[in-house]
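Have a look at target-v3.csv; it's CSV, C-alpha atoms and all ligand atoms:
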```
chain,number,residue,atom,x,y,z
A,257,MET,CA,-14.9,16.6,-12.5
A,258,ALA,CA,-14.9,12.8,-13.0
A,259,GLU,CA,-15.2,10.3,-10.2
A,260,THR,CA,-12.7,7.5,-10.0
A,261,ALA,CA,-13.2,4.2,-8.1
A,262,THR,CA,-10.3,2.2,-6.8
A,263,ASP,CA,-9.9,-0.8,-4.4
A,264,VAL,CA,-6.9,0.7,-2.6
A,265,LEU,CA,-6.2,4.5,-2.5
A,266,VAL,CA,-2.8,5.6,-1.2
A,267,VAL,CA,-2.5,9.3,-0.5
A,268,GLY,CA,1.1,10.4,-0.8
A,269,GLY,CA,3.8,9.2,-3.1
A,270,GLY,CA,7.0,9.4,-1.0
A,271,PRO,CA,8.9,6.3,-0.1
A,272,ALA,CA,6.2,5.0,2.2
A,273,GLY,CA,3.3,5.6,-0.2
A,274,MET,CA,5.1,4.2,-3.2
A,275,MET,CA,6.2,1.1,-1.3
A,276,ALA,CA,2.7,0.6,0.1
A,277,GLY,CA,1.2,0.9,-3.4
A,278,MET,CA,3.7,-1.4,-4.9
A,279,THR,CA,3.2,-4.0,-2.2
A,280,ALA,CA,-0.6,-3.8,-2.4
A,281,ALA,CA,-0.5,-4.2,-6.2
A,282,ARG,CA,1.9,-7.1,-6.0
A,283,PHE,CA,0.0,-9.0,-3.3
A,284,TRP,CA,-3.5,-8.3,-4.7
A,285,PRO,CA,-3.0,-8.6,-8.5
A,286,GLY,CA,-6.8,-8.3,-9.1
A,287,LYS,CA,-7.2,-5.1,-7.2
A,288,ARG,CA,-7.0,-1.6,-8.4
A,289,VAL,CA,-4.3,0.3,-6.6
A,290,LEU,CA,-4.0,4.1,-7.0
A,291,VAL,CA,-1.3,6.4,-5.5
A,292,VAL,CA,-2.0,10.1,-5.5
A,293,ARG,CA,0.7,12.7,-5.0
A,294,PRO,CA,1.1,16.3,-6.1
A,295,GLU,CA,4.6,15.8,-7.6
A,296,GLU,CA,5.0,14.6,-11.3
A,297,ASP,CA,8.4,13.4,-10.3
A,298,ALA,CA,9.9,13.0,-6.9
A,299,VAL,CA,13.5,12.7,-5.7
A,300,ILE,CA,14.7,10.0,-3.3
A,301,PRO,CA,14.8,12.1,-0.1
A,302,CYS,CA,18.2,10.8,1.2
A,303,GLY,CA,21.2,13.0,2.0
A,304,ILE,CA,23.8,10.3,1.9
A,305,PRO,CA,24.7,10.4,-1.9
A,306,TYR,CA,25.1,14.1,-1.7
A,307,ILE,CA,27.3,13.9,1.4
A,308,PHE,CA,29.6,11.5,-0.4
A,309,GLY,CA,29.3,13.4,-3.7
A,310,THR,CA,28.3,10.4,-5.7
A,311,LEU,CA,25.4,12.4,-7.4
A,312,GLY,CA,25.8,15.4,-9.6
A,313,GLY,CA,22.4,16.8,-8.8
A,314,THR,CA,18.7,16.0,-8.1
A,315,ASP,CA,18.1,15.0,-11.7
A,316,GLU,CA,20.1,11.9,-11.1
A,317,ASP,CA,18.1,11.1,-7.9
A,318,LEU,CA,14.6,10.7,-9.2
A,319,ALA,CA,12.5,8.0,-7.5
A,320,GLY,CA,11.1,6.0,-10.4
A,321,ARG,CA,7.5,5.2,-10.9
A,322,ALA,CA,8.3,2.1,-12.9
A,323,PRO,CA,8.2,-0.4,-9.9
A,324,LEU,CA,4.7,0.8,-9.0
A,325,LEU,CA,3.4,0.7,-12.6
A,326,SER,CA,5.0,-2.6,-13.4
A,327,ALA,CA,3.4,-4.1,-10.3
A,328,GLY,CA,0.0,-3.1,-11.7
A,329,GLY,CA,-0.5,0.1,-9.7
A,330,ARG,CA,-1.4,3.5,-11.0
A,331,LEU,CA,-0.1,7.0,-10.2
A,332,ARG,CA,-2.2,10.1,-10.4
A,333,THR,CA,-0.9,13.7,-9.9
A,334,GLY,CA,-3.0,15.6,-7.5
A,335,MET,CA,-3.5,16.9,-4.0
A,336,VAL,CA,-6.1,15.4,-1.7
A,337,VAL,CA,-7.9,18.2,0.1
A,338,SER,CA,-10.5,16.2,2.1
A,339,VAL,CA,-11.2,12.7,3.1
A,340,ASP,CA,-14.7,11.5,4.0
A,341,ARG,CA,-14.1,8.2,5.8
A,342,GLY,CA,-17.8,7.5,6.3
A,343,ASN,CA,-18.5,7.5,2.6
A,344,ARG,CA,-15.0,6.4,1.6
A,345,ARG,CA,-14.4,9.3,-0.7
A,346,ALA,CA,-11.5,11.6,-1.2
A,347,ARG,CA,-11.7,15.0,-2.9
A,348,LEU,CA,-8.9,16.5,-4.9
A,349,GLN,CA,-7.9,20.1,-5.4
A,350,ASP,CA,-8.8,19.8,-9.1
A,351,GLY,CA,-12.3,18.9,-8.1
A,352,GLY,CA,-12.0,15.2,-8.8
A,353,GLU,CA,-13.3,12.6,-6.4
A,354,ILE,CA,-11.9,9.1,-5.7
A,355,VAL,CA,-14.0,6.4,-4.1
A,356,TRP,CA,-12.0,3.7,-2.3
A,357,ASP,CA,-12.5,0.4,-0.5
A,358,ARG,CA,-9.2,0.6,1.5
A,359,LEU,CA,-7.3,3.8,2.3
A,360,ILE,CA,-3.7,4.3,3.2
A,361,LEU,CA,-2.5,7.7,4.4
A,362,ALA,CA,1.2,8.1,3.6
A,363,THR,CA,1.5,11.9,3.6
A,364,GLY,CA,4.7,12.1,5.5
A,365,ALA,CA,5.4,14.6,8.2
A,366,GLU,CA,6.6,18.2,8.5
A,367,ASN,CA,9.2,19.3,11.0
A,368,PHE,CA,8.0,21.8,13.5
A,369,ARG,CA,9.6,23.6,16.4
A,370,GLU,CA,7.9,23.7,19.7
A,371,LEU,CA,8.0,26.9,21.5
A,372,TYR,CA,9.1,26.6,25.1
A,373,THR,CA,8.5,29.4,27.5
B,401,LIG,C1,17.0,16.8,3.2
B,401,LIG,C2,16.6,15.5,3.7
B,401,LIG,C3,17.6,14.5,3.8
B,401,LIG,C4,17.2,13.2,4.3
B,401,LIG,N1,18.2,12.2,4.3
B,401,LIG,C5,17.9,11.0,4.7
B,401,LIG,C6,18.9,10.0,4.7
B,401,LIG,O1,20.0,10.2,4.4
B,401,LIG,N2,18.5,8.8,5.2
B,401,LIG,C7,17.2,8.5,5.6
B,401,LIG,O2,16.9,7.3,5.9
B,401,LIG,N3,16.3,9.5,5.6
B,401,LIG,C8,16.6,10.7,5.2
B,401,LIG,N4,15.6,11.7,5.2
B,401,LIG,C9,14.3,11.3,5.7
B,401,LIG,C10,13.4,10.8,4.6
B,401,LIG,O3,13.3,11.7,3.6
B,401,LIG,C11,12.0,10.5,5.2
B,401,LIG,O4,12.1,9.5,6.2
B,401,LIG,C12,11.1,9.9,4.1
B,401,LIG,O5,11.0,10.8,3.0
B,401,LIG,C13,9.7,9.7,4.7
B,401,LIG,O6,8.9,9.1,3.7
B,401,LIG,P1,7.3,9.3,3.6
B,401,LIG,O7,6.8,8.6,2.4
B,401,LIG,O8,6.8,8.8,4.9
B,401,LIG,O9,7.0,10.8,3.6
B,401,LIG,P2,7.4,11.9,2.5
B,401,LIG,O10,8.7,11.6,1.8
B,401,LIG,O11,7.3,13.2,3.2
B,401,LIG,O12,6.3,11.8,1.4
B,401,LIG,C14,5.0,12.3,1.6
B,401,LIG,C15,4.2,12.3,0.3
B,401,LIG,O13,2.9,12.6,0.5
B,401,LIG,C16,2.5,13.7,-0.4
B,401,LIG,N5,1.4,14.4,0.2
B,401,LIG,C17,1.3,15.1,1.4
B,401,LIG,N6,0.1,15.6,1.6
B,401,LIG,C18,-0.7,15.1,0.5
B,401,LIG,C19,-2.0,15.3,0.1
B,401,LIG,N7,-2.9,16.0,0.9
B,401,LIG,N8,-2.5,14.7,-1.0
B,401,LIG,C20,-1.6,14.0,-1.8
B,401,LIG,N9,-0.3,13.8,-1.5
B,401,LIG,C21,0.1,14.4,-0.3
B,401,LIG,C22,3.8,14.5,-0.5
B,401,LIG,O14,3.7,15.4,-1.6
B,401,LIG,C23,4.8,13.3,-0.7
B,401,LIG,O15,4.6,12.8,-2.0
B,401,LIG,C24,15.9,12.9,4.7
B,401,LIG,C25,15.0,14.0,4.6
B,401,LIG,C26,15.3,15.2,4.1
B,401,LIG,C27,14.2,16.3,4.1
```

What would you get if you wrote out this structure as structure tokens?
Ligand SMILES: Cc1cc2nc3c(=O)[nH]c(=O)nc-3n(C[C@H](O)[C@H](O)[C@H](O)COP(=O)(O)OP(=O)(O)OC[C@H]3O[C@@H](n4cnc5c(N)ncnc54)[C@H](O)[C@@H]3O)c2cc1C
Amino acid sequence: MAETATDVLVVGGGPAGMMAGMTAARFWPGKRVLVVRPEEDAVIPCGIPYIFGTLGGTDEDLAGRAPLLSAGGRLRTGMVVSVDRGNRRARLQDGGEIVWDRLILATGAENFRELYT
């Protein structure tokens, strides 16, 4: 699988990753900025419009990729499965590799419940 080189690699394309990618691309116009996330399209993860009933469904709540692309950043669909910080390389589930100069991890968080005894 092909190897890609980028100046800034953002792993994760939720609100934090998209904002980080957009900001990096805007502030460093000469640099290559690449955001990687598994979702083709992602919704804005906010409950408020649903609570107030202003949205008919998730189709109307997609987080656009246009702001990132128009700032000069790129978006790639994929899942990062390992990060080698020493050699500045990330490996993707599809076998691809990305070499970076700067890395931003924006993979969000998952809720968990601690077990108390
Ligand atoms: C149902 C619900 C309702 C909410 N309502 C509100 C609200 O009303 N107001 C509010 O302020 N907040 C709300 N939140 C919280 C809000 O969704 C989070 O604060 C926000 O999404 C965090 O953004 P993030 O980019 O840090 O992480 P996330 O949105 O979790 O994004 C993480 C991204 O990283 C990607 N990723 C993870 N691992 C990898 C990997 N190995 N390789 C590549 N990509 C990877 C994920 O696929 C995703 O694209 C709500 C959350 C939920 C679940």

(request) List all protein, DNA and RNA residues that have an atom no more than 7 Å from any atom of ligand LIG 401 (chain B), counting only C-alpha atoms and all ligand atoms, and report them as a list in words. (result)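 Result of the 7 Å neighbour search around ligand LIG 401 (chain B): Val267, Gly268, Gly269, Gly270, Pro271, Ala272, Gly273, Val292, Arg293, Pro294, Glu295, Pro301, Cys302, Gly303, Ile304, Gly334, Met335, Val336, Val337, Ala362, Thr363, Gly364 and Ala365 of chain A.
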
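Picture a line from CA of Pro285 (chain A) to CA of Gly328 (chain A); it runs 7.0 Å.
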
(request) For a cut-off of 9 Å around (18.9, 14.3, -5.5), file coordinates, pick out all residues using all atoms listed in the file and list them as number ranges by chain. (result) A: 299-303, 305-306, 311-318

(message) Restricting the calculation to all atoms listed in the file: of A:Gly320, A:Gly277, A:Gly342, A:Gly309, which residue gets closest to Asp297 (chain A)?
(response)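 The answer is A:Gly320, which sits nearest to Asp297 (chain A).
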
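The protein and nucleic acid residues lying at most 8 Å from Thr260 (chain A) are Ala258, Thr262, Gly352, Glu353, Ile354 and Val355 of chain A, with all atoms listed in the file considered and sequence neighbours fewer than 2 positions away removed.
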
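Here CA of Gly329 (chain A) is placed at a distance of 4.9 Å from CA of Val289 (chain A).
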
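Distance annotation: of A:Met275, A:Leu290, A:Ala319, A:Val264, the residue with the minimal separation from Thr333 (chain A) is A:Leu290; atom set is only C-alpha atoms.
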
(message) Rounded to one decimal, what separation in Å do you get between CA of Pro323 (chain A) and CA of Met274 (chain A)?
(response)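 Interatomic distance here is 8.7 Å.
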
(message) Residues proximal to (-11.1, 0.9, 1.1) were defined as those with any atom within 12 Å of that point in the file's coordinates, counting all atoms listed in the file. Which are they, as a PyMOL selection string?
(response) chain A and resi 261-266+287-290+339-346+354-361

Output as AutoDock Vina command-line options the centre and edge lengths (Å, one decimal) of the box along x, y and z of the file that holds every listed atom of region 327-333 of chain A after adding 8 Å on each side.
```
--center_x 0.6 --center_y 4.8 --center_z -10.7 --size_x 21.6 --size_y 33.8 --size_z 18.0
```
